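Here is the file data_10.pdb (PDB, C-alpha atoms, pLDDT in the B column).
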ATOM      1  CA  MET A   1      -0.999  22.977  -8.424  1.00 47.00           C
ATOM      2  CA  ALA A   2       2.185  23.352  -6.362  1.00 60.00           C
ATOM      3  CA  LEU A   3       2.687  20.628  -3.790  1.00 68.00           C
ATOM      4  CA  SER A   4       4.550  23.109  -1.584  1.00 66.00           C
ATOM      5  CA  GLY A   5       1.247  24.896  -0.990  1.00 74.00           C
ATOM      6  CA  LEU A   6       0.086  21.930   1.086  1.00 82.00           C
ATOM      7  CA  LYS A   7       2.642  22.265   3.866  1.00 82.00           C
ATOM      8  CA  ASP A   8       0.832  25.107   5.586  1.00 84.00           C
ATOM      9  CA  THR A   9      -2.549  23.353   5.495  1.00 87.00           C
ATOM     10  CA  ILE A  10      -1.810  19.761   6.606  1.00 93.00           C
ATOM     11  CA  GLU A  11      -0.880  18.160   9.898  1.00 94.00           C
ATOM     12  CA  ASN A  12      -0.807  14.449   9.058  1.00 96.00           C
ATOM     13  CA  ILE A  13       0.291  12.211   6.183  1.00 98.00           C
ATOM     14  CA  ILE A  14      -1.328   8.866   5.360  1.00 98.00           C
ATOM     15  CA  PHE A  15       0.632   6.628   2.980  1.00 98.00           C
ATOM     16  CA  ASP A  16      -0.303   3.736   0.763  1.00 98.00           C
ATOM     17  CA  LEU A  17       2.360   1.002   0.927  1.00 98.00           C
ATOM     18  CA  ASP A  18       2.941  -0.952  -2.317  1.00 96.00           C
ATOM     19  CA  GLY A  19       4.161   1.326  -5.091  1.00 96.00           C
ATOM     20  CA  THR A  20       4.408   4.263  -2.690  1.00 98.00           C
ATOM     21  CA  LEU A  21       6.893   3.300   0.027  1.00 98.00           C
ATOM     22  CA  TRP A  22       8.428   0.240  -1.595  1.00 98.00           C
ATOM     23  CA  ASP A  23       8.473  -2.100  -4.594  1.00 96.00           C
ATOM     24  CA  PRO A  24       7.190  -5.525  -3.482  1.00 94.00           C
ATOM     25  CA  MET A  25       7.220  -7.138  -6.926  1.00 92.00           C
ATOM     26  CA  PRO A  26      10.306  -9.419  -6.696  1.00 92.00           C
ATOM     27  CA  MET A  27       9.232 -10.608  -3.253  1.00 93.00           C
ATOM     28  CA  SER A  28       5.604 -11.149  -4.305  1.00 92.00           C
ATOM     29  CA  ILE A  29       6.478 -13.068  -7.475  1.00 91.00           C
ATOM     30  CA  LYS A  30       8.762 -15.405  -5.532  1.00 93.00           C
ATOM     31  CA  ALA A  31       6.237 -15.900  -2.727  1.00 94.00           C
ATOM     32  CA  TRP A  32       3.290 -16.544  -5.043  1.00 92.00           C
ATOM     33  CA  TYR A  33       5.290 -18.936  -7.202  1.00 92.00           C
ATOM     34  CA  THR A  34       6.255 -20.920  -4.098  1.00 93.00           C
ATOM     35  CA  ALA A  35       2.697 -21.006  -2.746  1.00 94.00           C
ATOM     36  CA  LEU A  36       0.984 -21.853  -6.050  1.00 93.00           C
ATOM     37  CA  ASN A  37       3.342 -24.755  -6.737  1.00 90.00           C
ATOM     38  CA  GLY A  38       1.366 -26.654  -4.130  1.00 83.00           C
ATOM     39  CA  TYR A  39      -1.919 -26.450  -6.070  1.00 92.00           C
ATOM     40  CA  ASP A  40      -2.665 -28.665  -9.076  1.00 91.00           C
ATOM     41  CA  CYS A  41      -5.853 -26.658  -9.751  1.00 92.00           C
ATOM     42  CA  ILE A  42      -3.890 -23.590 -10.956  1.00 92.00           C
ATOM     43  CA  LYS A  43      -3.940 -23.552 -14.763  1.00 88.00           C
ATOM     44  CA  ASP A  44      -1.139 -21.118 -15.592  1.00 84.00           C
ATOM     45  CA  PRO A  45       2.017 -19.923 -13.800  1.00 83.00           C
ATOM     46  CA  ILE A  46       1.684 -16.567 -12.052  1.00 83.00           C
ATOM     47  CA  SER A  47       3.356 -13.698 -13.911  1.00 86.00           C
ATOM     48  CA  GLU A  48       4.650 -10.263 -13.026  1.00 85.00           C
ATOM     49  CA  GLU A  49       1.802  -8.770 -15.067  1.00 87.00           C
ATOM     50  CA  ASP A  50      -0.732 -10.775 -13.055  1.00 89.00           C
ATOM     51  CA  ILE A  51       0.584  -9.496  -9.728  1.00 86.00           C
ATOM     52  CA  GLN A  52       1.056  -5.946 -10.940  1.00 84.00           C
ATOM     53  CA  GLY A  53      -2.551  -6.002 -12.120  1.00 84.00           C
ATOM     54  CA  ILE A  54      -3.857  -6.662  -8.606  1.00 85.00           C
ATOM     55  CA  LEU A  55      -1.624  -4.231  -6.698  1.00 80.00           C
ATOM     56  CA  GLY A  56      -3.855  -1.832  -4.817  1.00 77.00           C
ATOM     57  CA  MET A  57      -6.893  -4.104  -5.115  1.00 83.00           C
ATOM     58  CA  GLN A  58      -8.788  -4.909  -1.931  1.00 83.00           C
ATOM     59  CA  HIS A  59      -7.194  -8.160  -0.769  1.00 83.00           C
ATOM     60  CA  ASN A  60     -10.388 -10.233  -0.597  1.00 85.00           C
ATOM     61  CA  LEU A  61     -11.266  -9.478  -4.244  1.00 88.00           C
ATOM     62  CA  VAL A  62      -7.991 -10.727  -5.722  1.00 90.00           C
ATOM     63  CA  GLY A  63      -8.914 -14.413  -5.920  1.00 91.00           C
ATOM     64  CA  LYS A  64     -11.947 -13.726  -8.106  1.00 91.00           C
ATOM     65  CA  LYS A  65      -9.864 -11.739 -10.575  1.00 91.00           C
ATOM     66  CA  LEU A  66      -6.882 -14.076 -10.848  1.00 93.00           C
ATOM     67  CA  PHE A  67      -8.628 -17.432 -10.513  1.00 94.00           C
ATOM     68  CA  PRO A  68     -12.232 -17.058 -11.771  1.00 93.00           C
ATOM     69  CA  TYR A  69     -12.284 -20.733 -12.791  1.00 93.00           C
ATOM     70  CA  LEU A  70     -11.920 -21.867  -9.158  1.00 94.00           C
ATOM     71  CA  SER A  71     -14.710 -22.210  -6.641  1.00 94.00           C
ATOM     72  CA  GLU A  72     -14.927 -19.618  -3.879  1.00 93.00           C
ATOM     73  CA  GLU A  73     -13.608 -22.176  -1.401  1.00 94.00           C
ATOM     74  CA  GLN A  74     -10.618 -22.937  -3.632  1.00 94.00           C
ATOM     75  CA  GLN A  75      -9.949 -19.233  -4.169  1.00 94.00           C
ATOM     76  CA  LEU A  76      -9.875 -18.648  -0.426  1.00 92.00           C
ATOM     77  CA  ALA A  77      -7.478 -21.546   0.127  1.00 94.00           C
ATOM     78  CA  VAL A  78      -5.133 -20.497  -2.678  1.00 94.00           C
ATOM     79  CA  MET A  79      -5.096 -16.835  -1.689  1.00 93.00           C
ATOM     80  CA  GLY A  80      -4.575 -17.721   1.960  1.00 94.00           C
ATOM     81  CA  SER A  81      -1.459 -19.687   1.029  1.00 95.00           C
ATOM     82  CA  CYS A  82      -0.128 -16.869  -1.175  1.00 94.00           C
ATOM     83  CA  TYR A  83      -0.723 -14.232   1.474  1.00 94.00           C
ATOM     84  CA  GLU A  84       0.862 -16.339   4.210  1.00 96.00           C
ATOM     85  CA  GLN A  85       3.911 -16.968   2.031  1.00 96.00           C
ATOM     86  CA  GLU A  86       4.255 -13.253   1.289  1.00 96.00           C
ATOM     87  CA  VAL A  87       4.254 -12.362   4.982  1.00 97.00           C
ATOM     88  CA  ASN A  88       6.827 -15.071   5.718  1.00 97.00           C
ATOM     89  CA  ASP A  89       9.066 -13.912   2.875  1.00 97.00           C
ATOM     90  CA  ILE A  90       8.872 -10.278   3.992  1.00 97.00           C
ATOM     91  CA  LYS A  91       9.935 -11.293   7.491  1.00 96.00           C
ATOM     92  CA  GLU A  92      12.880 -13.203   6.051  1.00 96.00           C
ATOM     93  CA  SER A  93      14.170 -10.868   3.334  1.00 95.00           C
ATOM     94  CA  GLY A  94      11.974  -7.743   3.084  1.00 96.00           C
ATOM     95  CA  GLY A  95      11.384  -5.867  -0.153  1.00 95.00           C
ATOM     96  CA  ILE A  96      12.884  -3.005  -2.143  1.00 97.00           C
ATOM     97  CA  LEU A  97      12.508   0.312  -0.328  1.00 98.00           C
ATOM     98  CA  TYR A  98      12.346   3.272  -2.670  1.00 98.00           C
ATOM     99  CA  HIS A  99      15.568   5.278  -2.694  1.00 97.00           C
ATOM    100  CA  GLY A 100      15.647   7.860   0.073  1.00 96.00           C
ATOM    101  CA  LEU A 101      12.620   6.456   1.923  1.00 98.00           C
ATOM    102  CA  GLU A 102      14.015   6.350   5.451  1.00 97.00           C
ATOM    103  CA  GLU A 103      15.650   9.768   5.158  1.00 97.00           C
ATOM    104  CA  THR A 104      12.335  11.164   3.908  1.00 98.00           C
ATOM    105  CA  LEU A 105      10.339   9.551   6.723  1.00 98.00           C
ATOM    106  CA  ASP A 106      12.834  10.801   9.286  1.00 97.00           C
ATOM    107  CA  THR A 107      12.457  14.359   7.993  1.00 96.00           C
ATOM    108  CA  LEU A 108       8.661  14.255   7.727  1.00 97.00           C
ATOM    109  CA  ASP A 109       8.278  12.644  11.150  1.00 97.00           C
ATOM    110  CA  LYS A 110       9.698  15.774  12.764  1.00 95.00           C
ATOM    111  CA  LYS A 111       6.775  17.849  11.487  1.00 94.00           C
ATOM    112  CA  TYR A 112       3.878  15.465  10.789  1.00 96.00           C
ATOM    113  CA  ASP A 113       2.249  12.373  12.232  1.00 97.00           C
ATOM    114  CA  LEU A 114       2.584   9.528   9.710  1.00 98.00           C
ATOM    115  CA  TYR A 115       0.184   6.632   9.002  1.00 98.00           C
ATOM    116  CA  ILE A 116      -0.279   3.747   6.543  1.00 98.00           C
ATOM    117  CA  VAL A 117      -3.527   2.530   4.945  1.00 98.00           C
ATOM    118  CA  SER A 118      -3.180  -0.344   2.479  1.00 97.00           C
ATOM    119  CA  ASN A 119      -5.397  -2.937   0.809  1.00 96.00           C
ATOM    120  CA  CYS A 120      -3.019  -5.695   1.875  1.00 95.00           C
ATOM    121  CA  GLN A 121      -3.655  -8.806   3.975  1.00 95.00           C
ATOM    122  CA  ALA A 122      -3.371  -8.966   7.755  1.00 96.00           C
ATOM    123  CA  GLY A 123       0.243  -9.215   8.922  1.00 97.00           C
ATOM    124  CA  TYR A 124       1.739  -7.618   5.792  1.00 97.00           C
ATOM    125  CA  ILE A 125       2.359  -4.167   7.254  1.00 98.00           C
ATOM    126  CA  GLU A 126       3.669  -5.634  10.501  1.00 98.00           C
ATOM    127  CA  ALA A 127       6.154  -7.749   8.507  1.00 98.00           C
ATOM    128  CA  PHE A 128       7.213  -4.650   6.553  1.00 98.00           C
ATOM    129  CA  TYR A 129       7.825  -2.861   9.845  1.00 97.00           C
ATOM    130  CA  GLU A 130       9.652  -5.810  11.379  1.00 96.00           C
ATOM    131  CA  TYR A 131      12.158  -6.457   8.606  1.00 97.00           C
ATOM    132  CA  HIS A 132      12.933  -2.862   7.691  1.00 97.00           C
ATOM    133  CA  GLY A 133      12.696  -1.396  11.200  1.00 97.00           C
ATOM    134  CA  LEU A 134      10.403   1.466  10.184  1.00 97.00           C
ATOM    135  CA  ASN A 135       7.578   1.117  12.706  1.00 96.00           C
ATOM    136  CA  ALA A 136       8.855   3.995  14.860  1.00 97.00           C
ATOM    137  CA  TYR A 137       7.954   6.476  12.125  1.00 98.00           C
ATOM    138  CA  PHE A 138       4.251   5.555  12.006  1.00 98.00           C
ATOM    139  CA  LYS A 139       1.579   6.300  14.596  1.00 98.00           C
ATOM    140  CA  ASP A 140      -1.004   3.822  13.322  1.00 98.00           C
ATOM    141  CA  PHE A 141      -1.994   1.696  10.314  1.00 98.00           C
ATOM    142  CA  GLU A 142      -4.974  -0.129   8.859  1.00 98.00           C
ATOM    143  CA  CYS A 143      -5.593  -2.597   6.041  1.00 97.00           C
ATOM    144  CA  SER A 144      -8.436  -4.463   4.380  1.00 95.00           C
ATOM    145  CA  GLY A 145      -7.065  -7.741   5.734  1.00 94.00           C
ATOM    146  CA  ASN A 146      -7.867  -6.564   9.246  1.00 96.00           C
ATOM    147  CA  THR A 147     -11.223  -4.928   8.599  1.00 96.00           C
ATOM    148  CA  GLY A 148     -12.658  -6.399   5.391  1.00 94.00           C
ATOM    149  CA  LEU A 149     -13.446  -2.827   4.360  1.00 96.00           C
ATOM    150  CA  SER A 150     -12.519  -0.677   1.368  1.00 96.00           C
ATOM    151  CA  LYS A 151      -9.606   1.736   1.417  1.00 97.00           C
ATOM    152  CA  THR A 152     -12.063   4.637   1.601  1.00 98.00           C
ATOM    153  CA  GLU A 153     -13.511   3.195   4.804  1.00 98.00           C
ATOM    154  CA  ASN A 154     -10.112   2.341   6.262  1.00 98.00           C
ATOM    155  CA  ILE A 155      -8.833   5.884   5.717  1.00 98.00           C
ATOM    156  CA  LYS A 156     -11.991   7.122   7.407  1.00 98.00           C
ATOM    157  CA  MET A 157     -11.310   4.738  10.296  1.00 98.00           C
ATOM    158  CA  ILE A 158      -7.718   5.969  10.716  1.00 98.00           C
ATOM    159  CA  MET A 159      -8.899   9.578  10.644  1.00 98.00           C
ATOM    160  CA  LYS A 160     -11.581   8.942  13.259  1.00 98.00           C
ATOM    161  CA  ARG A 161      -9.433   6.753  15.514  1.00 98.00           C
ATOM    162  CA  ASN A 162      -6.605   9.275  15.596  1.00 98.00           C
ATOM    163  CA  LYS A 163      -8.775  12.409  15.419  1.00 97.00           C
ATOM    164  CA  LEU A 164      -7.083  13.595  12.218  1.00 97.00           C
ATOM    165  CA  SER A 165      -8.456  16.874  10.895  1.00 89.00           C
ATOM    166  CA  LYS A 166      -5.921  17.876   8.214  1.00 92.00           C
ATOM    167  CA  PRO A 167      -4.431  14.773   6.563  1.00 96.00           C
ATOM    168  CA  ILE A 168      -3.320  14.049   3.017  1.00 96.00           C
ATOM    169  CA  TYR A 169      -3.169  10.635   1.352  1.00 97.00           C
ATOM    170  CA  ILE A 170      -0.219   9.598  -0.806  1.00 97.00           C
ATOM    171  CA  GLY A 171      -0.644   6.691  -3.228  1.00 97.00           C
ATOM    172  CA  ASP A 172       0.059   5.416  -6.714  1.00 97.00           C
ATOM    173  CA  THR A 173      -3.248   4.132  -8.122  1.00 95.00           C
ATOM    174  CA  LEU A 174      -6.612   5.419  -9.247  1.00 94.00           C
ATOM    175  CA  GLY A 175      -8.131   3.525  -6.322  1.00 94.00           C
ATOM    176  CA  ASP A 176      -5.969   5.571  -3.952  1.00 96.00           C
ATOM    177  CA  TYR A 177      -7.179   8.765  -5.601  1.00 97.00           C
ATOM    178  CA  THR A 178     -10.789   7.633  -5.266  1.00 96.00           C
ATOM    179  CA  ALA A 179     -10.297   6.745  -1.591  1.00 97.00           C
ATOM    180  CA  ALA A 180      -8.832  10.168  -0.827  1.00 97.00           C
ATOM    181  CA  ASN A 181     -11.699  11.881  -2.657  1.00 96.00           C
ATOM    182  CA  GLY A 182     -14.154   9.755  -0.720  1.00 97.00           C
ATOM    183  CA  ASN A 183     -12.802  11.287   2.464  1.00 98.00           C
ATOM    184  CA  SER A 184     -12.532  14.832   1.042  1.00 96.00           C
ATOM    185  CA  ILE A 185      -8.787  14.997   1.673  1.00 96.00           C
ATOM    186  CA  PRO A 186      -5.977  16.046  -0.704  1.00 94.00           C
ATOM    187  CA  PHE A 187      -4.337  13.290  -2.731  1.00 95.00           C
ATOM    188  CA  VAL A 188      -0.689  13.184  -3.799  1.00 95.00           C
ATOM    189  CA  PHE A 189       0.052  10.885  -6.741  1.00 96.00           C
ATOM    190  CA  ALA A 190       3.272   8.860  -6.487  1.00 97.00           C
ATOM    191  CA  LYS A 191       4.027   8.807 -10.201  1.00 96.00           C
ATOM    192  CA  TYR A 192       6.951   6.391  -9.758  1.00 97.00           C
ATOM    193  CA  GLY A 193       4.621   3.592  -8.587  1.00 96.00           C
ATOM    194  CA  PHE A 194       2.441   1.133 -10.478  1.00 93.00           C
ATOM    195  CA  GLY A 195      -0.668   3.083 -11.416  1.00 92.00           C
ATOM    196  CA  HIS A 196      -1.898   6.023 -13.471  1.00 93.00           C
ATOM    197  CA  VAL A 197      -3.936   8.931 -12.104  1.00 95.00           C
ATOM    198  CA  PRO A 198      -4.684  11.407 -14.911  1.00 90.00           C
ATOM    199  CA  LYS A 199      -6.453  14.031 -12.785  1.00 85.00           C
ATOM    200  CA  ALA A 200      -4.193  14.227  -9.735  1.00 90.00           C
ATOM    201  CA  ASP A 201      -3.840  17.755  -8.365  1.00 84.00           C
ATOM    202  CA  TYR A 202      -0.471  16.975  -6.807  1.00 92.00           C
ATOM    203  CA  THR A 203       2.262  14.686  -8.172  1.00 94.00           C
ATOM    204  CA  ILE A 204       5.679  13.538  -6.955  1.00 95.00           C
ATOM    205  CA  ASN A 205       8.276  11.827  -9.139  1.00 96.00           C
ATOM    206  CA  LYS A 206      10.209  10.231  -6.265  1.00 97.00           C
ATOM    207  CA  ILE A 207       9.597   9.738  -2.553  1.00 98.00           C
ATOM    208  CA  GLY A 208      12.320  12.257  -1.708  1.00 96.00           C
ATOM    209  CA  ASP A 209      10.236  15.043  -3.282  1.00 95.00           C
ATOM    210  CA  LEU A 210       8.143  15.056  -0.102  1.00 94.00           C
ATOM    211  CA  LYS A 211      11.183  15.921   2.001  1.00 88.00           C
ATOM    212  CA  GLU A 212      11.919  18.925  -0.152  1.00 83.00           C
ATOM    213  CA  LEU A 213       8.359  20.139  -0.655  1.00 84.00           C
ATOM    214  CA  LEU A 214       6.623  19.568   2.684  1.00 88.00           C
ATOM    215  CA  THR A 215       9.301  20.723   5.132  1.00 83.00           C
TER     216      THR A 215
END
Taking this structure as input, can you express it in the form of structure tokens?
Amino acid sequence: MALSGLKDTIENIIFDLDGTLWDPMPMSIKAWYTALNGYDCIKDPISEEDIQGILGMQHNLVGKKLFPYLSEEQQLAVMGSCYEQEVNDIKESGGILYHGLEETLDTLDKKYDLYIVSNCQAGYIEAFYEYHGLNAYFKDFECSGNTGLSKTENIKMIMKRNKLSKPIYIGDTLGDYTAANGNSIPFVFAKYGFGHVPKADYTINKIGDLKELLT
């Protein structure tokens, strides 16, 4: 289905963050390695595959997947350290913005209201805004770290809070697709990200495709 057909039927765009607006992997690997060095209870070093495997997962479920051999209390302590280190590292050095991101946001912002909904921890989106200076493009954001809710519920919250009637959601994982479906809104699959969505109705190969197809 042609993505260009959406531009006459939408008024707002909600974005996922990791794998959609930027690549956080080098930052995350460095931050997690630093944080986990302080814990003797961690059996194996964190790997890129480990972190990539939890991208898009609701933040409070990550500890159970990565460290099932730890108690719940230990998981919370370890994950808290990792998340805090990530936020600090973003504030200090940011991440890798996908090529053409700011130009695309600048173009879209002239026609649509833009939002972010992510499964990240509290403070992560604010740090992203702060380092890269992109907060002016977005009207609002929400994340599981703030609410403790699923992405489906957080999209619903953003829609209700901002009275959005014709949004689309753009993301790179099957969980993003499911969250959009759960709110009965169109989903655009960012194929360049970290996930695989075999039944996506709309697909982009780079972030700049939105500039060309929605304006």
| Residues matched by the PyMOL selection byres ((chain A and resi 45) around 12), written as a PyMOL selection string | chain A and resi 29-30+32-44+46-51+66-67
Limited to C-alpha atoms, could you put the picked residues into a file as a short mmCIF file (atom, residue, chain, number, x, y, z; two decimals), in the coordinates of the input?
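Ended up saving to selection_6.cif:
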data_model
loop_
_atom_site.label_atom_id
_atom_site.label_comp_id
_atom_site.auth_asym_id
_atom_site.auth_seq_id
_atom_site.Cartn_x
_atom_site.Cartn_y
_atom_site.Cartn_z
CA ILE A 29 6.48 -13.07 -7.48
CA LYS A 30 8.76 -15.40 -5.53
CA TRP A 32 3.29 -16.54 -5.04
CA TYR A 33 5.29 -18.94 -7.20
CA THR A 34 6.26 -20.92 -4.10
CA ALA A 35 2.70 -21.01 -2.75
CA LEU A 36 0.98 -21.85 -6.05
CA ASN A 37 3.34 -24.76 -6.74
CA GLY A 38 1.37 -26.65 -4.13
CA TYR A 39 -1.92 -26.45 -6.07
CA ASP A 40 -2.66 -28.66 -9.08
CA CYS A 41 -5.85 -26.66 -9.75
CA ILE A 42 -3.89 -23.59 -10.96
CA LYS A 43 -3.94 -23.55 -14.76
CA ASP A 44 -1.14 -21.12 -15.59
CA ILE A 46 1.68 -16.57 -12.05
CA SER A 47 3.36 -13.70 -13.91
CA GLU A 48 4.65 -10.26 -13.03
CA GLU A 49 1.80 -8.77 -15.07
CA ASP A 50 -0.73 -10.78 -13.06
CA ILE A 51 0.58 -9.50 -9.73
CA LEU A 66 -6.88 -14.08 -10.85
CA PHE A 67 -8.63 -17.43 -10.51
#
| message | I'd like to know which of A:Gln58, A:Asn88, A:Ser165, A:Gln74 is closest to Glu11 (chain A), using only C-alpha atoms. | response |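 Closest residue, counting only C-alpha atoms: A:Ser165.
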| said: Take the PyMOL selection byres ((chain A and resi 158) around 9), run it mentally on this structure, and tell me the resulting residues as number ranges by chain. | reply: A: 14, 115-117, 140-142, 153-157, 159-164
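Coordinates place CA of Asp16 (chain A) at a distance of 23.5 Å from CA of Ser81 (chain A).
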| Which residue gives the smallest distance to Gly123 (chain A) among A:Val87, A:Leu55, A:Leu149, A:Ile168, with all atoms listed in the file counted? |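 Of A:Val87, A:Leu55, A:Leu149, A:Ile168, the one nearest Gly123 (chain A) is A:Val87, counting all atoms listed in the file.
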| Best match for closeness to Leu101 (chain A) among A:Ile13, A:Leu76, A:Ile204, A:Leu21, counting only C-alpha atoms |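 For Leu101 (chain A), the nearest of the given residues is A:Leu21.
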Mind giving me the axis-aligned box for region 6-13 of chain A with 5 Å on every side, centre plus edges in Å to one decimal, as AutoDock Vina command-line options?
--center_x 0.0 --center_y 18.7 --center_z 5.5 --size_x 15.2 --size_y 22.9 --size_z 18.8
| message | Under the PyMOL selection byres ((chain A and resi 197) around 12), which residues of this model are included? Write them out as a ChimeraX atom specification. | response | /A:170-178,187-196,198-204
| note | What separates CA of Tyr137 (chain A) and CA of Gly208 (chain A) is a distance of 15.6 Å
| Distance of CA of Met27 (chain A) from CA of Gly95 (chain A), expressed in Å to one decimal place |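 Interatomic distance here is 6.1 Å.
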| request: Go through A:Leu105, A:Leu214, A:Leu17, A:Ile207 and flag the residue nearest Tyr124 (chain A), using all atoms listed in the file for the distances. | output: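 The shortest atom-to-atom distance to Tyr124 (chain A) comes from A:Leu17.
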| request: Could you check which of A:Lys65, A:Lys7, A:His99, A:Lys91 is closest to Asp23 (chain A), using all atoms listed in the file? | output: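 Distance minimum relative to Asp23 (chain A) lands on A:His99.
Among A:Ala136, A:Ile10, A:Ala127, A:Ile96, the residue with the shortest atom-to-atom distance to Glu84 (chain A), counting all atoms listed in the file, is A:Ala127.
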